[in-house]
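S.K.: So here's upload-v9.txt, just compact mmCIF, C-alpha atoms and all ligand atoms:
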```txt
# COMPACT_ATOMS: atom_id res chain seq x y z
CA GLN Q 302 -11.46 159.44 -71.88
CA HIS Q 303 -10.62 157.42 -74.94
CA LEU Q 304 -7.36 155.95 -76.05
CA ARG Q 305 -5.94 157.88 -78.98
CA PRO Q 306 -4.64 155.95 -81.98
CA GLU Q 307 -1.08 157.14 -81.18
CA GLU Q 308 -1.22 155.36 -77.85
CA LEU Q 309 -2.04 152.11 -79.56
CA LYS Q 310 0.87 152.31 -81.95
CA VAL Q 311 3.85 150.18 -81.19
CA GLY Q 312 7.37 151.53 -80.95
CA GLY Q 313 9.54 152.11 -84.02
CA GLY Q 314 11.99 149.68 -85.50
CA GLN Q 315 9.63 146.81 -86.23
CA ASN Q 316 8.68 145.68 -89.65
CA ALA Q 317 5.03 145.37 -90.62
CA ALA Q 318 4.81 141.67 -89.82
CA GLN Q 319 6.26 142.11 -86.32
CA GLU Q 320 4.02 145.10 -85.72
CA ALA Q 321 1.00 143.04 -86.72
CA GLN Q 322 2.01 140.24 -84.36
CA LEU Q 323 1.95 142.74 -81.51
CA GLN Q 324 -1.45 144.05 -82.55
CA TYR Q 325 -3.07 140.63 -82.61
CA LYS Q 326 -1.34 139.11 -79.59
CA GLY Q 327 -3.95 139.00 -76.84
CA ALA Q 328 -6.47 140.85 -78.99
CA GLN Q 329 -10.04 139.61 -78.57
CA VAL Q 330 -13.20 139.50 -80.60
CA LEU Q 331 -16.21 140.44 -78.50
CA ARG Q 332 -19.86 139.99 -79.36
CA VAL Q 333 -21.63 142.98 -77.83
CA GLU Q 334 -25.37 143.22 -77.29
CA ALA Q 335 -25.91 146.81 -78.38
CA VAL Q 336 -29.60 147.49 -78.18
CA THR Q 337 -29.96 151.22 -77.62
CA GLU Q 338 -28.78 153.93 -79.99
CA PHE Q 339 -26.61 155.21 -77.16
CA GLN Q 340 -24.81 151.87 -76.87
CA LYS Q 341 -24.33 151.69 -80.62
CA ASP Q 342 -22.93 155.23 -80.64
CA VAL Q 343 -20.34 154.36 -78.03
CA ILE Q 344 -19.08 151.53 -80.24
CA LYS Q 345 -19.22 153.73 -83.33
CA LYS Q 346 -17.17 156.40 -81.58
CA MET Q 347 -14.48 153.93 -80.57
CA GLN Q 348 -14.47 152.63 -84.15
CA ASP Q 349 -14.02 156.16 -85.52
CA GLU Q 350 -11.12 156.68 -83.15
CA GLN Q 351 -9.67 153.34 -84.26
CA VAL Q 352 -9.63 151.97 -80.76
CA LEU Q 353 -11.39 148.88 -82.10
CA ASP Q 354 -12.27 147.29 -85.43
CA THR Q 355 -15.89 146.36 -86.15
CA TRP Q 356 -16.07 142.91 -87.74
CA LEU Q 357 -19.83 142.57 -88.05
CA ASN Q 358 -22.52 145.20 -87.73
CA PRO Q 359 -25.96 144.44 -86.34
CA ALA Q 360 -28.41 143.07 -88.90
CA ALA Q 361 -32.18 143.32 -88.97
CA GLY Q 362 -33.67 141.27 -86.16
CA ARG Q 363 -30.31 141.01 -84.44
CA THR Q 364 -28.72 143.28 -81.90
CA HIS Q 365 -25.16 142.11 -81.66
CA VAL Q 366 -22.01 143.75 -82.96
CA ASP Q 367 -18.72 141.84 -83.28
CA ILE Q 368 -15.68 143.95 -82.47
CA MET Q 369 -11.97 143.17 -82.42
CA VAL Q 370 -10.10 144.90 -79.62
CA PRO Q 371 -6.31 144.99 -79.32
CA ALA Q 372 -4.86 143.82 -75.99
CA THR Q 373 -3.78 147.36 -75.11
CA ALA Q 374 -7.36 148.64 -75.35
CA LEU Q 375 -9.26 145.73 -73.78
CA ASP Q 376 -9.63 147.17 -70.29
CA GLN Q 377 -10.67 150.53 -71.68
CA VAL Q 378 -13.25 149.10 -74.09
CA LYS Q 379 -14.72 146.68 -71.56
CA ALA Q 380 -15.06 149.54 -69.06
CA GLU Q 381 -16.79 151.72 -71.66
CA LEU Q 382 -19.21 148.91 -72.44
CA GLN Q 383 -19.95 148.37 -68.76
CA ASN Q 384 -20.54 152.11 -68.36
CA VAL Q 385 -23.42 151.95 -70.82
CA SER Q 386 -24.63 148.55 -69.52
CA ALA Q 387 -23.84 146.79 -72.80
CA THR Q 388 -23.28 143.09 -72.20
CA PHE Q 389 -20.77 141.14 -74.25
CA ARG Q 390 -19.21 137.74 -74.57
CA VAL Q 391 -15.81 136.73 -75.83
CA MET Q 392 -15.99 135.05 -79.26
CA ILE Q 393 -12.24 134.80 -79.86
CA ALA Q 394 -10.11 134.92 -76.73
CA ASP Q 395 -6.80 135.41 -78.53
CA VAL Q 396 -6.77 136.57 -82.14
CA GLU Q 397 -3.14 135.61 -82.59
CA ALA Q 398 -3.86 132.02 -81.54
CA ALA Q 399 -6.89 131.87 -83.86
CA ILE Q 400 -4.69 133.07 -86.74
CA LYS Q 401 -2.19 130.28 -86.03
CA ASP Q 402 -4.96 127.67 -86.06
CA GLU Q 403 -6.85 128.62 -89.19
CA ASN Q 404 -4.47 127.65 -91.95
CA PRO Q 405 -1.83 125.00 -91.34
CA ALA Q 406 -0.01 126.15 -94.49
CA LEU Q 407 1.72 123.70 -96.78
CA SER Q 408 5.50 123.84 -96.90
CA GLU Q 409 7.33 124.76 -100.09
CA SER Q 410 8.36 121.11 -100.59
CA GLU Q 411 4.76 119.90 -100.16
CA LEU Q 412 3.63 122.50 -102.70
CA GLU Q 413 6.33 121.39 -105.13
CA GLU Q 414 5.33 117.76 -104.72
CA LEU Q 415 1.72 118.77 -105.43
CA GLU Q 416 2.70 120.73 -108.50
CA GLY Q 417 4.74 117.81 -109.84
CA ARG Q 418 1.80 115.45 -109.39
CA LYS Q 419 -1.14 117.66 -110.44
CA GLY Q 420 0.37 120.41 -112.55
CA HIS Q 421 -0.67 123.15 -110.12
CA ARG Q 422 -0.45 123.96 -106.40
CA MET Q 423 -4.10 124.54 -105.61
CA THR Q 424 -5.96 122.59 -102.93
CA PHE Q 425 -9.17 123.07 -100.98
CA GLN Q 426 -7.58 121.97 -97.72
CA ASN Q 427 -5.61 125.19 -97.30
CA TYR Q 428 -5.83 128.87 -98.06
CA HIS Q 429 -3.40 129.70 -100.83
CA ARG Q 430 -1.29 132.63 -101.96
CA VAL Q 431 -2.25 134.61 -105.07
CA SER Q 432 0.44 132.86 -107.14
CA ASP Q 433 -1.08 129.42 -106.40
CA ILE Q 434 -4.59 130.61 -107.30
CA HIS Q 435 -3.41 132.28 -110.50
CA GLY Q 436 -1.26 129.24 -111.28
CA TYR Q 437 -4.39 127.11 -111.09
CA LEU Q 438 -6.16 129.34 -113.63
CA ASP Q 439 -3.18 129.07 -116.00
CA TYR Q 440 -3.11 125.28 -115.52
CA LEU Q 441 -6.80 125.05 -116.44
CA ALA Q 442 -6.28 127.20 -119.55
CA GLN Q 443 -3.44 124.92 -120.68
CA THR Q 444 -5.29 121.73 -119.89
CA PHE Q 445 -8.68 122.69 -121.34
CA PRO Q 446 -7.79 125.09 -124.15
CA ASP Q 447 -11.13 124.67 -125.95
CA LEU Q 448 -13.10 125.62 -122.90
CA VAL Q 449 -10.98 127.92 -120.81
CA SER Q 450 -8.90 131.02 -121.35
CA VAL Q 451 -7.17 133.37 -118.95
CA GLN Q 452 -6.94 137.08 -119.45
CA THR Q 453 -5.41 139.88 -117.38
CA ILE Q 454 -8.02 142.62 -117.10
CA GLY Q 455 -5.78 145.13 -115.35
CA SER Q 456 -3.14 145.57 -112.66
CA SER Q 457 -3.38 146.30 -108.96
CA ILE Q 458 -1.77 149.37 -107.36
CA GLU Q 459 1.36 147.32 -106.68
CA GLY Q 460 1.37 145.90 -110.21
CA ARG Q 461 -0.05 142.43 -109.63
CA PRO Q 462 -2.12 141.05 -112.51
CA LEU Q 463 -5.89 140.95 -112.12
CA LYS Q 464 -6.49 137.56 -113.70
CA MET Q 465 -9.85 136.60 -115.11
CA ILE Q 466 -10.80 133.10 -116.25
CA LYS Q 467 -13.33 132.70 -119.02
CA ILE Q 468 -15.21 129.41 -119.07
CA THR Q 469 -17.05 129.17 -122.35
CA GLY Q 470 -20.42 127.52 -122.80
CA ALA Q 471 -20.28 124.71 -125.38
CA LYS Q 472 -23.36 125.86 -127.27
CA ALA Q 473 -22.81 127.86 -130.45
CA GLY Q 474 -23.81 131.47 -130.85
CA PRO Q 475 -24.09 134.35 -128.42
CA LYS Q 476 -24.82 133.30 -124.86
CA PRO Q 477 -25.72 135.08 -121.67
CA ALA Q 478 -22.70 136.03 -119.53
CA PHE Q 479 -22.27 135.56 -115.80
CA TYR Q 480 -19.63 137.62 -113.97
CA ILE Q 481 -18.37 136.33 -110.60
CA ASP Q 482 -15.67 137.65 -108.32
CA GLY Q 483 -14.02 137.21 -104.94
CA GLY Q 484 -11.47 138.83 -102.70
CA ILE Q 485 -12.60 142.46 -102.90
CA HIS Q 486 -11.89 142.57 -99.18
CA ALA Q 487 -8.44 141.24 -98.37
CA ARG Q 488 -9.11 139.48 -95.07
CA GLU Q 489 -12.12 137.47 -96.27
CA TRP Q 490 -10.03 134.45 -97.26
CA ILE Q 491 -12.98 132.11 -97.70
CA SER Q 492 -14.07 134.21 -100.69
CA PRO Q 493 -11.17 133.54 -103.13
CA ALA Q 494 -11.08 129.93 -101.87
CA SER Q 495 -14.79 129.41 -102.61
CA VAL Q 496 -14.58 131.17 -105.97
CA SER Q 497 -11.69 128.84 -106.86
CA TYR Q 498 -13.91 125.94 -105.86
CA ILE Q 499 -16.62 127.22 -108.21
CA ILE Q 500 -14.04 127.36 -111.01
CA GLN Q 501 -13.01 123.78 -110.31
CA GLU Q 502 -16.63 122.57 -110.51
CA LEU Q 503 -17.34 124.46 -113.73
CA VAL Q 504 -14.21 123.17 -115.45
CA GLU Q 505 -13.15 119.86 -113.95
CA ASN Q 506 -16.63 118.51 -113.12
CA ARG Q 507 -18.30 120.15 -116.03
CA GLU Q 508 -20.15 117.05 -117.30
CA LYS Q 509 -22.37 117.20 -114.21
CA TYR Q 510 -23.84 120.58 -115.09
CA ALA Q 511 -26.00 121.08 -118.17
CA PHE Q 512 -26.41 124.81 -117.52
CA ALA Q 513 -22.68 125.34 -118.10
CA ASP Q 514 -23.20 124.75 -121.84
CA SER Q 515 -25.43 127.76 -122.31
CA ILE Q 516 -23.58 130.42 -120.29
CA ASP Q 517 -20.18 132.11 -120.59
CA PHE Q 518 -18.63 132.57 -117.16
CA TYR Q 519 -16.13 135.34 -116.43
CA ILE Q 520 -14.55 134.89 -113.03
CA VAL Q 521 -12.01 136.98 -111.10
CA PRO Q 522 -11.05 135.05 -107.95
CA VAL Q 523 -8.84 137.76 -106.40
CA VAL Q 524 -9.94 141.34 -107.10
CA ASN Q 525 -7.62 142.77 -104.45
CA PRO Q 526 -4.37 140.79 -104.75
CA ASP Q 527 -2.22 143.40 -102.95
CA GLY Q 528 -4.47 143.41 -99.92
CA TYR Q 529 -4.74 139.62 -100.00
CA GLU Q 530 -0.96 139.18 -100.06
CA TYR Q 531 -0.64 141.70 -97.24
CA THR Q 532 -2.98 139.57 -95.10
CA HIS Q 533 -0.54 136.68 -95.65
CA ASN Q 534 2.72 138.52 -94.98
CA GLY Q 535 1.73 141.61 -92.98
CA MET Q 536 -1.58 142.25 -91.27
CA ARG Q 537 -3.92 139.26 -91.35
CA LEU Q 538 -7.00 141.45 -90.81
CA TRP Q 539 -6.37 144.09 -93.47
CA ARG Q 540 -9.54 144.91 -95.47
CA LYS Q 541 -8.80 147.57 -98.11
CA ASN Q 542 -6.49 147.68 -101.12
CA ARG Q 543 -2.92 148.98 -100.70
CA LYS Q 544 -3.20 152.50 -102.08
CA ASP Q 545 -0.53 154.75 -100.51
CA ALA Q 546 0.96 151.90 -98.47
CA GLN Q 547 3.43 154.30 -96.84
CA LYS Q 548 0.54 155.85 -94.91
CA GLY Q 549 0.55 152.87 -92.52
CA ARG Q 550 -2.82 152.31 -90.91
CA CYS Q 551 -4.31 155.10 -93.04
CA ALA Q 552 -3.39 153.35 -96.29
CA GLY Q 553 -5.89 151.76 -98.61
CA THR Q 554 -9.28 152.33 -100.21
CA ASP Q 555 -12.30 150.15 -99.49
CA LEU Q 556 -12.90 148.78 -102.99
CA ASN Q 557 -16.50 147.99 -102.10
CA ARG Q 558 -17.13 151.69 -101.50
CA ASN Q 559 -15.29 152.83 -104.62
CA PHE Q 560 -17.73 151.83 -107.39
CA GLY Q 561 -19.31 154.71 -109.23
CA TYR Q 562 -23.00 154.40 -108.54
CA LYS Q 563 -24.28 156.71 -105.78
CA TRP Q 564 -20.63 156.93 -104.76
CA GLY Q 565 -19.76 158.66 -101.48
CA GLY Q 566 -23.15 158.36 -99.80
CA ALA Q 567 -24.26 156.69 -96.58
CA GLY Q 568 -22.02 154.05 -95.03
CA SER Q 569 -18.84 155.25 -96.69
CA SER Q 570 -16.17 157.64 -95.47
CA ARG Q 571 -14.01 160.45 -96.88
CA ASP Q 572 -11.40 159.80 -94.23
CA PRO Q 573 -8.56 157.62 -95.59
CA CYS Q 574 -7.90 156.26 -92.10
CA GLN Q 575 -11.30 154.57 -91.95
CA GLU Q 576 -11.98 151.00 -93.03
CA ILE Q 577 -14.83 152.22 -95.27
CA TYR Q 578 -12.81 154.93 -97.05
CA ALA Q 579 -14.48 155.38 -100.44
CA GLY Q 580 -11.35 156.63 -102.24
CA SER Q 581 -10.64 160.03 -103.75
CA GLY Q 582 -13.47 159.69 -106.27
CA PRO Q 583 -15.67 157.10 -107.98
CA PHE Q 584 -13.49 154.41 -109.59
CA SER Q 585 -10.31 156.06 -108.33
CA GLU Q 586 -8.67 152.62 -107.94
CA PRO Q 587 -7.20 150.45 -110.72
CA GLU Q 588 -8.92 147.34 -109.32
CA THR Q 589 -12.45 148.80 -109.60
CA GLN Q 590 -11.61 150.43 -112.94
CA ALA Q 591 -10.58 147.06 -114.34
CA ILE Q 592 -13.90 145.47 -113.34
CA ARG Q 593 -15.92 148.39 -114.67
CA ASN Q 594 -14.09 148.32 -118.00
CA PHE Q 595 -14.27 144.59 -118.38
CA VAL Q 596 -17.93 144.10 -117.42
CA SER Q 597 -18.93 147.10 -119.55
CA SER Q 598 -17.14 145.54 -122.53
CA LEU Q 599 -19.48 142.52 -122.31
CA GLY Q 600 -22.45 144.77 -123.04
CA THR Q 601 -26.01 143.67 -122.40
CA ARG Q 602 -25.17 139.96 -122.39
CA VAL Q 603 -24.41 140.03 -118.68
CA ARG Q 604 -27.31 138.43 -116.82
CA GLY Q 605 -25.60 137.46 -113.55
CA TYR Q 606 -23.21 139.34 -111.24
CA VAL Q 607 -22.22 137.75 -107.95
CA THR Q 608 -19.51 139.09 -105.66
CA PHE Q 609 -18.43 136.90 -102.73
CA HIS Q 610 -17.58 138.24 -99.28
CA SER Q 611 -17.62 137.00 -95.70
CA TYR Q 612 -18.96 136.68 -93.09
CA GLY Q 613 -22.54 136.39 -91.78
CA GLN Q 614 -24.26 134.01 -94.26
CA TYR Q 615 -26.33 136.43 -96.26
CA ILE Q 616 -27.58 136.61 -99.83
CA LEU Q 617 -27.96 140.33 -100.44
CA TYR Q 618 -29.56 142.13 -103.34
CA PRO Q 619 -29.61 145.86 -104.20
CA TRP Q 620 -29.82 148.48 -103.27
CA GLY Q 621 -27.04 148.90 -100.76
CA TYR Q 622 -26.88 152.69 -100.76
CA ASP Q 623 -30.38 153.10 -99.31
CA LYS Q 624 -33.26 151.04 -97.99
CA LYS Q 625 -34.85 150.82 -101.40
CA VAL Q 626 -35.32 147.93 -103.80
CA PRO Q 627 -35.07 147.78 -107.60
CA PRO Q 628 -38.32 147.31 -109.55
CA ASP Q 629 -37.62 143.62 -110.18
CA TYR Q 630 -36.66 142.79 -106.62
CA THR Q 631 -39.32 140.06 -106.35
CA ASP Q 632 -37.33 138.04 -108.93
CA LEU Q 633 -34.11 138.65 -106.99
CA ASP Q 634 -35.79 137.63 -103.76
CA ARG Q 635 -37.33 134.49 -105.25
CA ILE Q 636 -34.10 133.23 -106.85
CA GLY Q 637 -32.15 134.23 -103.73
CA LYS Q 638 -34.43 132.08 -101.57
CA MET Q 639 -34.09 129.15 -103.99
CA ALA Q 640 -30.33 129.53 -103.76
CA ALA Q 641 -30.42 129.58 -99.95
CA LYS Q 642 -32.46 126.38 -99.89
CA LYS Q 643 -30.01 124.61 -102.18
CA MET Q 644 -27.01 125.92 -100.23
CA ARG Q 645 -28.40 124.45 -97.05
CA GLU Q 646 -28.98 121.11 -98.74
CA VAL Q 647 -25.41 120.79 -100.02
CA GLY Q 648 -23.42 122.42 -97.25
CA GLY Q 649 -25.62 122.57 -94.17
CA ALA Q 650 -25.44 126.29 -93.38
CA SER Q 651 -28.43 128.65 -93.35
CA TYR Q 652 -28.25 131.82 -95.41
CA THR Q 653 -30.56 134.79 -94.90
CA VAL Q 654 -31.90 136.47 -98.05
CA GLY Q 655 -32.83 140.11 -98.34
CA ASN Q 656 -32.22 143.65 -99.41
CA SER Q 657 -28.70 144.76 -98.53
CA ALA Q 658 -29.42 148.09 -96.82
CA SER Q 659 -32.50 146.82 -94.98
CA LEU Q 660 -30.96 143.58 -93.77
CA LEU Q 661 -27.50 144.95 -92.93
CA TYR Q 662 -26.88 148.68 -93.21
CA ALA Q 663 -26.70 151.28 -95.94
CA ALA Q 664 -23.32 151.31 -97.70
CA SER Q 665 -22.77 153.22 -100.95
CA GLY Q 666 -20.26 152.53 -103.68
CA GLY Q 667 -20.65 148.75 -103.65
CA ALA Q 668 -19.96 146.60 -106.70
CA ASP Q 669 -23.50 145.21 -106.61
CA ASP Q 670 -25.14 148.64 -106.79
CA TRP Q 671 -22.97 149.56 -109.75
CA ALA Q 672 -23.80 146.28 -111.55
CA LYS Q 673 -27.51 146.88 -111.05
CA GLY Q 674 -27.48 150.64 -111.62
CA GLY Q 675 -24.88 150.87 -114.39
CA PRO Q 676 -24.91 147.86 -116.75
CA ARG Q 677 -28.28 146.80 -115.27
CA VAL Q 678 -27.42 143.19 -114.62
CA LYS Q 679 -30.60 141.30 -113.76
CA TYR Q 680 -29.34 138.84 -111.13
CA THR Q 681 -26.98 140.89 -109.03
CA TYR Q 682 -26.03 139.68 -105.55
CA THR Q 683 -23.47 140.07 -102.82
CA ILE Q 684 -23.09 136.77 -100.97
CA GLU Q 685 -21.62 136.80 -97.48
CA LEU Q 686 -20.20 133.32 -96.92
CA ARG Q 687 -19.57 131.49 -93.64
CA ASP Q 688 -19.64 131.70 -90.78
CA ARG Q 689 -21.97 133.56 -88.41
CA GLY Q 690 -19.23 134.68 -86.04
CA ARG Q 691 -17.68 131.75 -84.23
CA PHE Q 692 -14.50 132.21 -86.26
CA GLY Q 693 -15.50 135.25 -88.31
CA PHE Q 694 -12.77 136.15 -90.81
CA LEU Q 695 -10.52 133.48 -89.26
CA LEU Q 696 -12.55 130.55 -90.58
CA PRO Q 697 -10.37 127.42 -90.38
CA ALA Q 698 -9.33 125.89 -93.69
CA ASN Q 699 -11.34 122.70 -93.13
CA TYR Q 700 -14.46 124.77 -93.82
CA ILE Q 701 -13.36 125.57 -97.38
CA VAL Q 702 -15.02 122.51 -98.94
CA PRO Q 703 -18.48 122.84 -97.33
CA THR Q 704 -18.49 126.59 -97.93
CA GLY Q 705 -17.28 126.12 -101.50
CA LYS Q 706 -20.14 123.69 -102.10
CA GLU Q 707 -22.60 126.29 -100.82
CA ALA Q 708 -21.10 128.99 -103.02
CA PHE Q 709 -21.33 126.71 -106.03
CA ALA Q 710 -24.95 125.81 -105.21
CA ALA Q 711 -25.83 129.52 -105.28
CA ILE Q 712 -24.15 129.94 -108.68
CA GLN Q 713 -25.88 126.82 -109.99
CA THR Q 714 -29.31 128.06 -108.91
CA ILE Q 715 -28.85 131.49 -110.48
CA SER Q 716 -27.30 129.96 -113.62
CA GLU Q 717 -30.21 127.56 -114.12
CA GLU Q 718 -32.58 130.51 -113.99
CA ILE Q 719 -30.44 132.44 -116.49
CA ALA Q 720 -30.13 129.42 -118.78
CA ALA Q 721 -33.89 128.86 -118.67
CA THR Q 722 -34.85 132.49 -119.33
CA GLY Q 723 -32.05 133.24 -121.83
N1 LIG Z 801 -20.28 143.50 -96.11
C1 LIG Z 801 -20.37 144.17 -97.38
C2 LIG Z 801 -19.70 145.52 -97.27
O1 LIG Z 801 -19.79 146.13 -96.24
C3 LIG Z 801 -21.78 144.30 -97.81
C4 LIG Z 801 -21.98 145.00 -99.11
C5 LIG Z 801 -23.40 144.98 -99.57
N2 LIG Z 801 -23.58 145.86 -100.72
C6 LIG Z 801 -23.73 147.15 -100.64
N3 LIG Z 801 -23.82 147.85 -101.76
N4 LIG Z 801 -23.82 147.78 -99.51
O2 LIG Z 801 -19.03 145.94 -98.14
ZN ZN Z 802 -16.42 142.09 -97.58
```
Represent the structure of the file as structure tokens.
Ligand code: ARG
Ligand code: ZN
M.R.:
Amino acid sequence: QHLRPEELKVGGGQNAAQEAQLQYKGAQVLRVEAVTEFQKDVIKKMQDEQVLDTWLNPAAGRTHVDIMVPATALDQVKAELQNVSATFRVMIADVEAAIKDENPALSESELEELEGRKGHRMTFQNYHRVSDIHGYLDYLAQTFPDLVSVQTIGSSIEGRPLKMIKITGAKAGPKPAFYIDGGIHAREWISPASVSYIIQELVENREKYAFADSIDFYIVPVVNPDGYEYTHNGMRLWRKNRKDAQKGRCAGTDLNRNFGYKWGGAGSSRDPCQEIYAGSGPFSEPETQAIRNFVSSLGTRVRGYVTFHSYGQYILYPWGYDKKVPPDYTDLDRIGKMAAKKMREVGGASYTVGNSASLLYAASGGADDWAKGGPRVKYTYTIELRDRGRFGFLLPANYIVPTGKEAFAAIQTISEEIAATG
């Protein structure tokens, strides 16, 4: 028999942070070789019952699944896996310990010293809170007023601003636009960090990049600020936004299932308790509404749309809702492969390029599918940053710089194509 979710819940009286500590203490991440459909179904069933949390699904040519299992369910899950002869190895022996190691956070006095010296609190040696990331955008707008402006394109469920930085191309006249975002999924900390790195390159090292003159960049580093803050002060491995927070583990909508193109299809769920809950309807969430409204307002100028996630090291192009490709997929594939080559040169990691549903799994309601299907943005990608599973979502902060360089190399490659083709 399976453990019911109720049995995994901890006793009353704890606050969210304490409760999370208990969930992650002794929890493990296992890499399971799930080859047969039967083995995959057993994992799927335990996922549906919230006995475990799937971190990484099997991709084409690969058979492993990464799952996080709380300490209280380890014996049960390992026995189930043995029952169906699925082998596994331990990737992370203690999730709580891995959380402690990933981000040796700066103290308030160190942050204040930094701010006094540089005018902002941002670094690429640590993962930062939303206020530090947004503070960096405001600093750039003040310091480079001719080039940079900051705009709030909406508010999250909990009322946090959704800040967008516009980095204007120096050339006169109308220019192609490139929309970039990060942090749709709260726990994927390397995404906002890498997007912030991209912003730094485009603004503070601008003279190195000729392409930056002929494109207007619109960048939202933290699409899901409520979820992101919750991963810093509540549950480190929260994924969704914070819709109906009082519902506990059943709170939140998966923002990358909430976009209104082929919404509600394969790979999304109607059950609010699931990690892939698509929301009550297409664009039911203020965060996805803000992106839709803003990108739509740019009209047909938008030639690039890249949304950063982790992990797995993939460059994915539409469609995600089904194993089909758009008519111009050969262009997407070609530029994607150029980007992967460049990423490897600058950062060292290998990225796999391909169609989202074929390479990973079908998942409807993604931002990329909407960008391609709605405003018909030519170069639309989802990029899954580092790593391939050694640390998973708990990628230590010393990987921010190499991963940021890779993310920037991808943007540079796509931008050069956009700049060249107009
Ligand atoms: N890991 C991402 C997710 O599950 C991949 C999204 C790819 N795009 C898509 N439309 N399925 O949200
Ligand atoms: Zn993601």
S.K.: Please identify all polymer residues within 7 Å of Q:Gln426, counting only C-alpha atoms, omitting same-chain residues fewer than 4 positions from it, and present them as a VMD selection string.
M.R.: chain Q and resid 698 to 699 701
S.K.: Considering only C-alpha atoms and all ligand atoms, state which residue in the set Q:Tyr531, Q:Tyr680, Q:Tyr578, Q:Tyr612 is at the smallest distance from ligand LIG 801 (chain Z).
M.R.: Q:Tyr612
S.K.: For a test of reading the model, state the distance in Å between atom CA of Q:Lys509 and atom CA of Q:Gly483, rounded to one decimal.
M.R.: 23.6 Å
S.K.: How far is it from atom CA of Q:Leu331 to atom CA of Q:Gly693, in Å with one decimal?
M.R.: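 Those two atoms sit 11.1 Å apart.
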S.K.: Neighbours of ligand LIG 801 (chain Z) at 9 Å or closer, counting all atoms listed in the file: which residues, as a PyMOL selection string?
M.R.: chain Q and resi 357-358+485-486+555-558+568+577+610-613+617-623+656-658+661-671+682-685
S.K.: Which residues come within 10 Å of Q:Tyr510, counting only C-alpha atoms, excluding same-chain residues fewer than 5 positions away, as a list in words?
M.R.: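 The contact residues come out as Glu502, Leu503, Val504, Gln713 and Glu717 of chain Q.
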S.K.: Kindly complete stretch 578-590 of chain Q to N, CA and C atoms; the output should be written as a short mmCIF file (atom, residue, chain, number, x, y, z; two decimals), keeping the file's coordinate frame.
M.R.:
```cif
data_model
loop_
_atom_site.label_atom_id
_atom_site.label_comp_id
_atom_site.auth_asym_id
_atom_site.auth_seq_id
_atom_site.Cartn_x
_atom_site.Cartn_y
_atom_site.Cartn_z
N TYR Q 578 -13.23 153.80 -96.21
CA TYR Q 578 -12.81 154.93 -97.05
C TYR Q 578 -13.18 154.66 -98.50
N ALA Q 579 -13.93 155.59 -99.10
CA ALA Q 579 -14.48 155.38 -100.44
C ALA Q 579 -13.50 155.71 -101.56
N GLY Q 580 -12.32 156.23 -101.22
CA GLY Q 580 -11.35 156.63 -102.24
C GLY Q 580 -11.53 158.10 -102.60
N SER Q 581 -10.63 158.59 -103.45
CA SER Q 581 -10.64 160.03 -103.75
C SER Q 581 -11.75 160.41 -104.72
N GLY Q 582 -12.35 159.44 -105.36
CA GLY Q 582 -13.47 159.69 -106.27
C GLY Q 582 -14.01 158.36 -106.74
N PRO Q 583 -15.15 158.37 -107.46
CA PRO Q 583 -15.67 157.10 -107.98
C PRO Q 583 -14.66 156.45 -108.92
N PHE Q 584 -14.44 155.16 -108.76
CA PHE Q 584 -13.49 154.41 -109.59
C PHE Q 584 -12.10 155.04 -109.58
N SER Q 585 -11.66 155.51 -108.41
CA SER Q 585 -10.31 156.06 -108.33
C SER Q 585 -9.25 154.95 -108.33
N GLU Q 586 -9.65 153.71 -108.12
CA GLU Q 586 -8.67 152.62 -107.94
C GLU Q 586 -8.56 151.75 -109.20
N PRO Q 587 -7.35 151.28 -109.51
CA PRO Q 587 -7.20 150.45 -110.72
C PRO Q 587 -8.00 149.15 -110.66
N GLU Q 588 -8.20 148.63 -109.44
CA GLU Q 588 -8.92 147.34 -109.32
C GLU Q 588 -10.40 147.51 -109.71
N THR Q 589 -11.03 148.59 -109.24
CA THR Q 589 -12.45 148.80 -109.60
C THR Q 589 -12.58 149.25 -111.06
N GLN Q 590 -11.60 150.02 -111.52
CA GLN Q 590 -11.61 150.43 -112.94
C GLN Q 590 -11.58 149.22 -113.85
#
```
